[in-house]
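Coordinates from query_34.cif are shown below (mmCIF, C-alpha atoms).
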```cif
data_query
#
loop_
_atom_site.group_PDB
_atom_site.id
_atom_site.type_symbol
_atom_site.label_atom_id
_atom_site.label_comp_id
_atom_site.auth_asym_id
_atom_site.auth_seq_id
_atom_site.Cartn_x
_atom_site.Cartn_y
_atom_site.Cartn_z
ATOM 1 C CA MET R 166 0.000 0.000 0.000
ATOM 2 C CA LYS R 167 1.363 3.404 -1.007
ATOM 3 C CA HIS R 168 0.124 5.204 2.139
ATOM 4 C CA ASN R 169 -1.269 4.038 5.457
ATOM 5 C CA LYS R 170 -4.971 3.196 5.710
ATOM 6 C CA LYS R 171 -5.978 6.492 7.324
ATOM 7 C CA ILE R 172 -4.310 8.681 4.692
ATOM 8 C CA THR R 173 -5.572 6.469 1.862
ATOM 9 C CA LEU R 174 -9.125 6.790 3.192
ATOM 10 C CA ILE R 175 -8.768 10.581 3.443
ATOM 11 C CA LEU R 176 -7.663 10.850 -0.207
ATOM 12 C CA ILE R 177 -10.454 8.552 -1.411
ATOM 13 C CA CYS R 178 -13.069 10.472 0.599
ATOM 14 C CA MET R 179 -11.874 13.791 -0.852
ATOM 15 C CA PHE R 180 -12.038 12.266 -4.322
ATOM 16 C CA ILE R 181 -15.624 11.043 -3.776
ATOM 17 C CA ILE R 182 -16.790 14.354 -2.279
ATOM 18 C CA THR R 183 -15.344 16.267 -5.225
ATOM 19 C CA GLN R 184 -17.084 13.940 -7.701
ATOM 20 C CA LEU R 185 -20.433 14.401 -5.934
ATOM 21 C CA ILE R 186 -20.026 18.175 -5.860
ATOM 22 C CA GLY R 187 -19.084 17.936 -9.534
ATOM 23 C CA LEU R 188 -22.320 16.122 -10.391
ATOM 24 C CA LEU R 189 -24.309 18.737 -8.457
ATOM 25 C CA VAL R 190 -22.598 21.617 -10.265
ATOM 26 C CA VAL R 191 -22.859 20.008 -13.712
ATOM 27 C CA SER R 192 -26.514 19.077 -13.200
ATOM 28 C CA SER R 193 -27.295 22.642 -12.075
ATOM 29 C CA TYR R 194 -25.655 24.217 -15.115
ATOM 30 C CA ASN R 195 -27.434 21.636 -17.277
ATOM 31 C CA ASN R 196 -30.838 22.530 -15.835
ATOM 32 C CA GLY R 197 -31.243 26.193 -16.587
ATOM 33 C CA ILE R 198 -28.363 27.959 -14.822
ATOM 34 C CA GLU R 199 -26.060 29.739 -17.251
ATOM 35 C CA LEU R 200 -22.311 29.714 -16.681
ATOM 36 C CA PRO R 201 -21.340 33.046 -15.081
ATOM 37 C CA PHE R 202 -18.345 35.358 -15.714
ATOM 38 C CA GLY R 203 -18.742 35.047 -19.485
ATOM 39 C CA MET R 204 -17.741 31.370 -19.416
ATOM 40 C CA GLU R 205 -20.515 30.191 -21.737
ATOM 41 C CA PRO R 206 -18.954 29.005 -25.040
ATOM 42 C CA PRO R 207 -19.124 31.680 -27.765
ATOM 43 C CA GLU R 208 -22.099 31.306 -30.090
ATOM 44 C CA ASP R 209 -19.804 31.313 -33.129
ATOM 45 C CA ILE R 210 -18.209 28.006 -32.050
ATOM 46 C CA LYS R 211 -19.528 25.486 -34.533
ATOM 47 C CA GLU R 212 -19.695 21.752 -34.148
ATOM 48 C CA SER R 213 -16.395 20.330 -35.367
ATOM 49 C CA SER R 214 -15.464 17.015 -36.915
ATOM 50 C CA LEU R 215 -14.197 14.442 -34.461
ATOM 51 C CA VAL R 216 -10.638 14.527 -35.844
ATOM 52 C CA GLY R 217 -10.574 18.309 -36.142
ATOM 53 C CA GLY R 218 -11.872 18.884 -32.620
ATOM 54 C CA LEU R 219 -9.521 16.356 -31.062
ATOM 55 C CA SER R 220 -6.557 17.800 -32.946
ATOM 56 C CA SER R 221 -7.321 21.282 -31.649
ATOM 57 C CA ILE R 222 -7.706 20.107 -28.046
ATOM 58 C CA ILE R 223 -4.522 18.009 -28.094
ATOM 59 C CA THR R 224 -2.559 20.870 -29.677
ATOM 60 C CA ALA R 225 -3.835 23.328 -27.048
ATOM 61 C CA PHE R 226 -2.960 20.866 -24.274
ATOM 62 C CA PHE R 227 0.632 20.424 -25.386
ATOM 63 C CA ILE R 228 1.072 24.168 -25.961
ATOM 64 C CA ALA R 229 -0.082 24.725 -22.359
ATOM 65 C CA ILE R 230 2.475 22.162 -21.071
ATOM 66 C CA LEU R 231 5.288 23.742 -23.116
ATOM 67 C CA LEU R 232 4.297 27.211 -21.940
ATOM 68 C CA PHE R 233 4.383 26.099 -18.315
ATOM 69 C CA PHE R 234 7.879 24.642 -18.761
ATOM 70 C CA LEU R 235 9.020 27.848 -20.461
ATOM 71 C CA LEU R 236 7.742 29.865 -17.502
ATOM 72 C CA MET R 237 9.533 27.420 -15.181
ATOM 73 C CA ARG R 238 12.781 27.862 -17.120
ATOM 74 C CA ILE R 239 12.680 31.675 -16.919
ATOM 75 C CA ASN R 240 11.625 31.564 -13.239
ATOM 76 C CA ALA R 241 8.399 33.502 -13.848
ATOM 77 C CA HIS R 242 7.143 32.577 -10.382
ATOM 78 C CA THR R 243 5.089 35.712 -9.800
ATOM 79 C CA PHE R 244 3.331 35.427 -13.167
ATOM 80 C CA ILE R 245 2.462 31.751 -12.540
ATOM 81 C CA ARG R 246 1.125 32.521 -9.061
ATOM 82 C CA LEU R 247 -1.015 35.389 -10.364
ATOM 83 C CA TRP R 248 -2.329 33.249 -13.230
ATOM 84 C CA TYR R 249 -3.123 30.406 -10.819
ATOM 85 C CA PHE R 250 -4.812 32.902 -8.472
ATOM 86 C CA PHE R 251 -6.980 34.156 -11.352
ATOM 87 C CA VAL R 252 -7.973 30.640 -12.513
ATOM 88 C CA THR R 253 -8.607 29.479 -8.936
ATOM 89 C CA THR R 254 -10.867 32.462 -8.256
ATOM 90 C CA LEU R 255 -12.940 31.808 -11.393
ATOM 91 C CA ALA R 256 -13.201 28.063 -10.694
ATOM 92 C CA LEU R 257 -14.261 28.627 -7.081
ATOM 93 C CA GLY R 258 -16.694 31.314 -8.220
ATOM 94 C CA LEU R 259 -18.332 28.887 -10.669
ATOM 95 C CA THR R 260 -19.029 26.359 -7.909
ATOM 96 C CA ILE R 261 -19.985 28.910 -5.256
ATOM 97 C CA TYR R 262 -22.373 30.560 -7.737
ATOM 98 C CA VAL R 263 -24.320 27.287 -7.994
ATOM 99 C CA VAL R 264 -24.537 26.971 -4.199
ATOM 100 C CA LEU R 265 -25.771 30.554 -3.857
ATOM 101 C CA PHE R 266 -28.236 30.119 -6.740
ATOM 102 C CA LEU R 267 -29.719 27.007 -5.124
ATOM 103 C CA ILE R 268 -30.398 28.917 -1.892
ATOM 104 C CA GLY R 269 -31.987 31.808 -3.773
ATOM 105 C CA ILE R 270 -29.063 34.208 -4.307
ATOM 106 C CA ASP R 271 -28.376 34.892 -7.982
ATOM 107 C CA SER R 272 -25.241 37.046 -7.786
ATOM 108 C CA GLN R 273 -21.968 36.635 -9.646
ATOM 109 C CA ILE R 274 -20.395 39.405 -7.552
ATOM 110 C CA ILE R 275 -21.192 37.729 -4.226
ATOM 111 C CA SER R 276 -19.770 34.415 -5.475
ATOM 112 C CA LEU R 277 -16.522 36.222 -6.347
ATOM 113 C CA ILE R 278 -16.503 37.941 -2.951
ATOM 114 C CA PHE R 279 -16.478 34.482 -1.357
ATOM 115 C CA ALA R 280 -13.953 33.102 -3.850
ATOM 116 C CA LEU R 281 -11.326 35.875 -3.708
ATOM 117 C CA PRO R 282 -10.149 35.484 -0.076
ATOM 118 C CA LEU R 283 -10.095 31.694 -0.395
ATOM 119 C CA SER R 284 -7.958 31.967 -3.536
ATOM 120 C CA TYR R 285 -5.628 34.461 -1.872
ATOM 121 C CA ILE R 286 -5.041 32.243 1.161
ATOM 122 C CA LYS R 287 -4.611 29.186 -1.042
ATOM 123 C CA VAL R 288 -2.028 30.714 -3.386
ATOM 124 C CA PHE R 289 -0.151 33.152 -1.166
ATOM 125 C CA LYS R 290 -0.569 32.019 2.465
ATOM 126 C CA ARG R 291 -0.066 28.210 2.245
ATOM 127 C CA ASN R 292 -2.816 27.012 4.572
ATOM 128 C CA LEU R 293 -3.225 23.220 4.343
ATOM 129 C CA TRP R 294 -6.918 23.187 5.315
ATOM 130 C CA ILE R 295 -7.858 25.960 2.891
ATOM 131 C CA HIS R 296 -5.819 24.284 0.160
ATOM 132 C CA ASN R 297 -7.680 20.974 0.345
ATOM 133 C CA ILE R 298 -11.120 22.489 0.983
ATOM 134 C CA THR R 299 -10.794 24.714 -2.079
ATOM 135 C CA GLU R 300 -9.620 21.731 -4.143
ATOM 136 C CA LEU R 301 -13.029 20.158 -3.476
ATOM 137 C CA LEU R 302 -14.673 23.151 -5.165
ATOM 138 C CA ILE R 303 -12.214 24.055 -7.923
ATOM 139 C CA TYR R 304 -12.530 20.976 -10.146
ATOM 140 C CA PRO R 305 -16.348 20.929 -10.347
ATOM 141 C CA GLY R 306 -16.264 24.516 -11.639
ATOM 142 C CA ILE R 307 -13.581 23.783 -14.235
ATOM 143 C CA ALA R 308 -15.355 20.576 -15.287
ATOM 144 C CA ALA R 309 -18.620 22.453 -15.908
ATOM 145 C CA VAL R 310 -16.839 24.770 -18.370
ATOM 146 C CA PHE R 311 -15.073 21.881 -20.138
ATOM 147 C CA ILE R 312 -18.297 19.873 -20.469
ATOM 148 C CA SER R 313 -20.088 22.847 -22.008
ATOM 149 C CA PHE R 314 -17.155 23.385 -24.392
ATOM 150 C CA LEU R 315 -16.958 19.710 -25.416
ATOM 151 C CA ASP R 316 -20.708 19.596 -26.017
ATOM 152 C CA ASN R 317 -20.462 22.587 -28.332
ATOM 153 C CA VAL R 318 -17.433 21.283 -30.219
ATOM 154 C CA PHE R 319 -18.462 17.644 -30.662
ATOM 155 C CA GLY R 320 -22.257 17.654 -30.364
ATOM 156 C CA PRO R 321 -23.634 14.080 -30.587
ATOM 157 C CA LYS R 322 -20.052 12.734 -30.881
ATOM 158 C CA VAL R 323 -19.119 14.064 -27.431
ATOM 159 C CA ILE R 324 -19.111 10.618 -25.753
ATOM 160 C CA LEU R 325 -16.810 9.110 -28.371
ATOM 161 C CA ALA R 326 -14.577 12.180 -28.125
ATOM 162 C CA THR R 327 -14.441 11.787 -24.325
ATOM 163 C CA ILE R 328 -13.435 8.130 -24.629
ATOM 164 C CA ILE R 329 -10.611 9.029 -27.022
ATOM 165 C CA ILE R 330 -9.432 11.965 -24.876
ATOM 166 C CA LEU R 331 -9.258 9.721 -21.809
ATOM 167 C CA PHE R 332 -7.159 7.194 -23.732
ATOM 168 C CA ILE R 333 -4.755 9.885 -24.981
ATOM 169 C CA ILE R 334 -4.424 11.439 -21.512
ATOM 170 C CA SER R 335 -3.696 8.003 -20.031
ATOM 171 C CA ILE R 336 -0.912 7.370 -22.568
ATOM 172 C CA TYR R 337 0.499 10.825 -21.853
ATOM 173 C CA ASP R 338 0.350 10.151 -18.101
ATOM 174 C CA ILE R 339 2.337 6.922 -18.506
ATOM 175 C CA TRP R 340 4.972 8.739 -20.579
ATOM 176 C CA ALA R 341 5.084 11.767 -18.249
ATOM 177 C CA VAL R 342 5.453 9.737 -15.034
ATOM 178 C CA TRP R 343 7.474 6.653 -15.982
ATOM 179 C CA HIS R 344 9.572 7.859 -18.928
ATOM 180 C CA SER R 345 10.148 11.621 -19.131
ATOM 181 C CA LYS R 346 9.462 12.319 -15.410
ATOM 182 C CA VAL R 347 7.598 15.469 -16.505
ATOM 183 C CA MET R 348 4.941 15.053 -13.822
ATOM 184 C CA GLN R 349 7.489 14.720 -11.028
ATOM 185 C CA LYS R 350 9.334 17.827 -12.248
ATOM 186 C CA MET R 351 6.123 19.853 -12.398
ATOM 187 C CA ALA R 352 5.007 18.703 -8.937
ATOM 188 C CA GLU R 353 8.411 19.413 -7.382
ATOM 189 C CA PHE R 354 8.560 22.847 -9.025
ATOM 190 C CA GLN R 355 5.119 23.732 -7.676
ATOM 191 C CA MET R 356 5.875 22.612 -4.131
ATOM 192 C CA ASN R 357 9.473 23.860 -3.884
ATOM 193 C CA ASN R 358 9.309 27.082 -5.893
ATOM 194 C CA LEU R 359 5.679 28.181 -6.025
ATOM 195 C CA LYS R 360 4.728 26.786 -2.602
ATOM 196 C CA PHE R 361 1.429 25.309 -3.811
ATOM 197 C CA PHE R 362 0.260 22.137 -5.552
ATOM 198 C CA THR R 363 -2.549 21.615 -8.064
ATOM 199 C CA GLY R 364 -4.200 18.654 -6.400
ATOM 200 C CA PHE R 365 -4.945 17.142 -3.020
ATOM 201 C CA PHE R 366 -1.999 17.385 -0.653
ATOM 202 C CA VAL R 367 -1.823 15.523 2.689
ATOM 203 C CA PRO R 368 1.479 15.483 4.629
ATOM 204 C CA TYR R 369 1.870 12.837 7.333
ATOM 205 C CA ALA R 370 4.546 11.291 9.545
ATOM 206 C CA ASP R 371 5.121 7.878 11.124
ATOM 207 C CA LYS R 372 5.004 7.283 14.903
ATOM 208 C CA LYS R 373 8.696 7.995 15.442
ATOM 209 C CA GLU R 374 8.567 11.308 13.592
ATOM 210 C CA LYS R 375 5.301 12.271 15.316
ATOM 211 C CA GLU R 376 7.029 11.885 18.683
ATOM 212 C CA LYS R 377 9.847 14.166 17.481
ATOM 213 C CA ILE R 378 7.264 16.739 16.402
ATOM 214 C CA ARG R 379 5.522 16.567 19.782
ATOM 215 C CA LEU R 380 8.772 17.089 21.699
ATOM 216 C CA LEU R 381 9.797 19.977 19.441
ATOM 217 C CA LYS R 382 6.443 21.698 19.962
ATOM 218 C CA GLU R 383 6.778 21.379 23.728
ATOM 219 C CA LYS R 384 10.349 22.672 23.591
ATOM 220 C CA ASN R 385 9.457 25.713 21.476
ATOM 221 C CA ILE R 386 6.311 26.929 23.230
ATOM 222 C CA GLY R 387 6.126 30.721 23.065
ATOM 223 C CA LYS R 388 8.370 31.123 20.023
ATOM 224 C CA THR R 389 7.251 32.759 16.794
ATOM 225 C CA ASP R 390 6.169 30.695 13.792
ATOM 226 C CA SER R 391 9.370 31.529 11.878
ATOM 227 C CA GLU R 392 11.534 30.455 14.849
ATOM 228 C CA ILE R 393 9.602 27.194 15.184
ATOM 229 C CA GLU R 394 9.962 26.571 11.436
ATOM 230 C CA LYS R 395 13.758 26.979 11.727
ATOM 231 C CA GLU R 396 13.861 24.468 14.583
ATOM 232 C CA PHE R 397 11.880 21.959 12.548
ATOM 233 C CA ARG R 398 14.284 22.367 9.635
ATOM 234 C CA LYS R 399 17.263 21.729 11.908
ATOM 235 C CA ALA R 400 15.610 18.583 13.296
ATOM 236 C CA LYS R 401 15.268 17.210 9.721
ATOM 237 C CA ILE R 402 11.938 15.568 10.433
ATOM 238 C CA LYS R 403 10.895 13.223 7.655
ATOM 239 C CA VAL R 404 7.382 13.992 6.410
ATOM 240 C CA ASN R 405 5.635 11.785 3.845
ATOM 241 C CA LEU R 406 3.407 13.360 1.217
ATOM 242 C CA ALA R 407 0.185 11.851 -0.088
ATOM 243 C CA ILE R 408 -0.844 13.663 -3.257
ATOM 244 C CA LEU R 409 -3.475 13.253 -5.941
ATOM 245 C CA GLY R 410 -3.085 15.438 -9.030
ATOM 246 C CA GLY R 411 -5.850 17.701 -10.262
ATOM 247 C CA GLY R 412 -6.110 15.943 -13.617
ATOM 248 C CA ASP R 413 -6.821 12.661 -11.837
ATOM 249 C CA VAL R 414 -9.816 14.354 -10.197
ATOM 250 C CA ILE R 415 -11.197 16.508 -12.989
ATOM 251 C CA PHE R 416 -11.350 13.950 -15.829
ATOM 252 C CA PRO R 417 -13.676 11.616 -13.871
ATOM 253 C CA ILE R 418 -15.960 14.607 -13.163
ATOM 254 C CA ILE R 419 -16.014 15.501 -16.865
ATOM 255 C CA SER R 420 -16.750 11.895 -17.835
ATOM 256 C CA ALA R 421 -19.487 11.471 -15.217
ATOM 257 C CA GLY R 422 -20.965 14.857 -16.156
ATOM 258 C CA ILE R 423 -21.140 14.053 -19.861
ATOM 259 C CA PHE R 424 -22.792 10.683 -19.205
ATOM 260 C CA TYR R 425 -25.153 12.337 -16.732
ATOM 261 C CA LYS R 426 -26.238 14.806 -19.432
ATOM 262 C CA ASN R 427 -26.782 11.995 -21.952
ATOM 263 C CA TYR R 428 -28.074 9.110 -19.821
ATOM 264 C CA GLY R 429 -29.115 10.551 -16.460
ATOM 265 C CA LEU R 430 -28.023 10.545 -12.829
ATOM 266 C CA ILE R 431 -27.617 6.773 -12.446
ATOM 267 C CA SER R 432 -25.109 6.753 -15.293
ATOM 268 C CA GLY R 433 -23.087 9.546 -13.681
ATOM 269 C CA LEU R 434 -23.104 7.752 -10.330
ATOM 270 C CA LEU R 435 -22.013 4.459 -11.924
ATOM 271 C CA ILE R 436 -19.002 6.184 -13.440
ATOM 272 C CA LEU R 437 -18.240 7.814 -10.086
ATOM 273 C CA VAL R 438 -18.363 4.428 -8.331
ATOM 274 C CA PHE R 439 -16.032 2.665 -10.752
ATOM 275 C CA SER R 440 -13.524 5.511 -10.974
ATOM 276 C CA THR R 441 -13.376 5.435 -7.159
ATOM 277 C CA ILE R 442 -12.852 1.664 -7.161
ATOM 278 C CA ALA R 443 -10.055 2.010 -9.729
ATOM 279 C CA LEU R 444 -8.324 4.753 -7.717
ATOM 280 C CA SER R 445 -8.670 2.718 -4.513
ATOM 281 C CA LEU R 446 -7.074 -0.313 -6.177
ATOM 282 C CA LEU R 447 -4.174 1.859 -7.308
ATOM 283 C CA PHE R 448 -3.556 3.083 -3.757
ATOM 284 C CA VAL R 449 -3.724 -0.477 -2.411
ATOM 285 C CA LEU R 450 -1.478 -2.053 -5.077
ATOM 286 C CA ALA R 451 1.053 0.803 -5.362
ATOM 287 C CA LYS R 452 4.337 0.560 -3.472
ATOM 288 C CA LYS R 453 5.470 3.187 -1.005
ATOM 289 C CA GLY R 454 7.947 5.749 -2.346
ATOM 290 C CA LYS R 455 7.219 5.123 -6.032
ATOM 291 C CA TYR R 456 5.409 7.331 -8.551
ATOM 292 C CA TYR R 457 2.483 5.923 -10.529
ATOM 293 C CA PRO R 458 0.405 7.376 -13.371
ATOM 294 C CA ALA R 459 -3.132 7.403 -11.975
ATOM 295 C CA MET R 460 -5.028 8.104 -15.188
ATOM 296 C CA PRO R 461 -4.579 4.641 -16.816
ATOM 297 C CA PHE R 462 -6.140 3.048 -13.717
ATOM 298 C CA ILE R 463 -8.879 5.659 -13.401
ATOM 299 C CA THR R 464 -9.635 5.519 -17.136
ATOM 300 C CA THR R 465 -10.084 1.742 -16.886
ATOM 301 C CA GLY R 466 -12.645 2.327 -14.144
ATOM 302 C CA LEU R 467 -14.329 5.038 -16.194
ATOM 303 C CA TYR R 468 -14.553 2.762 -19.232
ATOM 304 C CA PHE R 469 -16.106 0.009 -17.137
ATOM 305 C CA GLY R 470 -18.652 2.465 -15.696
ATOM 306 C CA MET R 471 -19.458 3.679 -19.215
ATOM 307 C CA TRP R 472 -19.921 0.120 -20.489
ATOM 308 C CA LEU R 473 -22.212 -0.715 -17.579
ATOM 309 C CA SER R 474 -24.212 2.467 -18.236
ATOM 310 C CA TRP R 475 -24.742 1.421 -21.844
ATOM 311 C CA MET R 476 -25.709 -2.128 -20.780
ATOM 312 C CA ILE R 477 -28.230 -0.933 -18.208
ATOM 313 C CA LEU R 478 -29.472 2.373 -19.613
ATOM 314 C CA GLY R 479 -28.479 2.462 -23.283
#
```
Starting from the file, give its structure as structure tokens.
Amino acid sequence: MKHNKKITLILICMFIITQLIGLLVVSSYNNGIELPFGMEPPEDIKESSLVGGLSSIITAFFIAILLFFLLMRINAHTFIRLWYFFVTTLALGLTIYVVLFLIGIDSQIISLIFALPLSYIKVFKRNLWIHNITELLIYPGIAAVFISFLDNVFGPKVILATIIILFIISIYDIWAVWHSKVMQKMAEFQMNNLKFFTGFFVPYADKKEKEKIRLLKEKNIGKTDSEIEKEFRKAKIKVNLAILGGGDVIFPIISAGIFYKNYGLISGLLILVFSTIALSLLFVLAKKGKYYPAMPFITTGLYFGMWLSWMILG
């Protein structure tokens, strides 16, 4: 098992909660609520051919990856943080807007008022609780925009396009994690240089290290946070990190959302269940200290959920 049972359960629970929030957000935007902040796809976007649409999406994806590495190379840390702050605020606003709408408050401004301080703390203040809580809300908002975009681009071919995109992303994930190490480099750059991570992030320590932490806290009572941080660095306490990348969370939401729109709630829930089973199996079978591409496992679960949806509901 990659992490202990408690940490594994925490990651799986966060994954499930995000998927459920995702279905709520997608269903709300599918049932009469328009995407706020000008995020509705432009009316001049016409349905594309399957090959043409996929080519455009894949090209845009790889341009985004290359751009990120260029910004890494030139140490554009401030620009990346500001861009991430902007995207995080919009994504949070999209989800918060649905919550407010459902309780009778139709206000884009109020949703941004809630989103802005959360984004600021997440990006610039490094609060672990705020980081993971906001992650629960970010991916449903992004997924709602992507689903609307894919529907407009592919029309009735959207399910086939989704299946192909998942396959391509899984192949890329295998290459990026096991061959080029791109994913590791991006994750390390985010955590070491930008001081944030795009995904769930749960640090934990074993019993021996926890005892060291307890003794250090007792020893440094009354000291400032910066002084305590220096003492912890000197002690060289080993902290394990349990992480789950944002892509591993958002693609199941997109898949479940698209099937929900085409086949109904049961279909979306089936996909949620099998993507969760696939992720759980990965955590159980993975070895501690090794990196694994999650998308091939999750995609397998998604495909099985899709097949079952077709068998039962198609």
Can you turn the PyMOL selection byres ((chain R and resi 363) around 12) into a concrete residue list for this file, as number ranges by chain? R: 246, 249-250, 252-253, 287-288, 296-297, 299-301, 303-304, 348, 351-356, 359-362, 364-366, 408-415
All residues 10 Å or closer to Gly454 (chain R), only C-alpha atoms, same chain fewer than 2 positions away omitted, as a list in words: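 Using only C-alpha atoms, the neighbours found are Lys167, His168, Asn405, Leu406, Ala451, Lys452, Tyr456 and Tyr457 of chain R.
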Show which residues sit within 8 Å of Ser440 (chain R), as a PDB file with C-alpha atoms, keeping the file's coordinate frame. Count all atoms listed in the file, and ignore same-chain residues fewer than 3 positions away.
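For reference, result21.pdb as written:
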```
ATOM      1  CA  PRO R 417     -13.676  11.616 -13.871  1.00  0.00           C
ATOM      2  CA  ILE R 436     -19.002   6.184 -13.440  1.00  0.00           C
ATOM      3  CA  LEU R 437     -18.240   7.814 -10.086  1.00  0.00           C
ATOM      4  CA  ALA R 443     -10.055   2.010  -9.729  1.00  0.00           C
ATOM      5  CA  LEU R 444      -8.324   4.753  -7.717  1.00  0.00           C
ATOM      6  CA  ILE R 463      -8.879   5.659 -13.401  1.00  0.00           C
ATOM      7  CA  THR R 464      -9.635   5.519 -17.136  1.00  0.00           C
ATOM      8  CA  THR R 465     -10.084   1.742 -16.886  1.00  0.00           C
ATOM      9  CA  GLY R 466     -12.645   2.327 -14.144  1.00  0.00           C
ATOM     10  CA  LEU R 467     -14.329   5.038 -16.194  1.00  0.00           C
ATOM     11  CA  GLY R 470     -18.652   2.465 -15.696  1.00  0.00           C
TER      12      GLY R 470
END
```
Identify which of the residues R:Asn317, R:Gln184, R:Gln273, R:Ser214 lies closest to Gly422 (chain R), counting only C-alpha atoms when measuring atom-to-atom distances.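 Of the candidates, the smallest distance to Gly422 (chain R) is held by R:Gln184.
Residues surrounding Ala308 (chain R) within 8 Å are Gly187, Val191, Tyr304, Pro305, Phe311, Ile312, Ile415, Phe416, Ile418 and Ile419 of chain R [only C-alpha atoms; sequence separation below 3 positions excluded].
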What's the separation between CA of Leu293 (chain R) and CA of Val310 (chain R), in Å to one decimal place?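 Between CA of Leu293 (chain R) and CA of Val310 (chain R) the gap is 26.5 Å.
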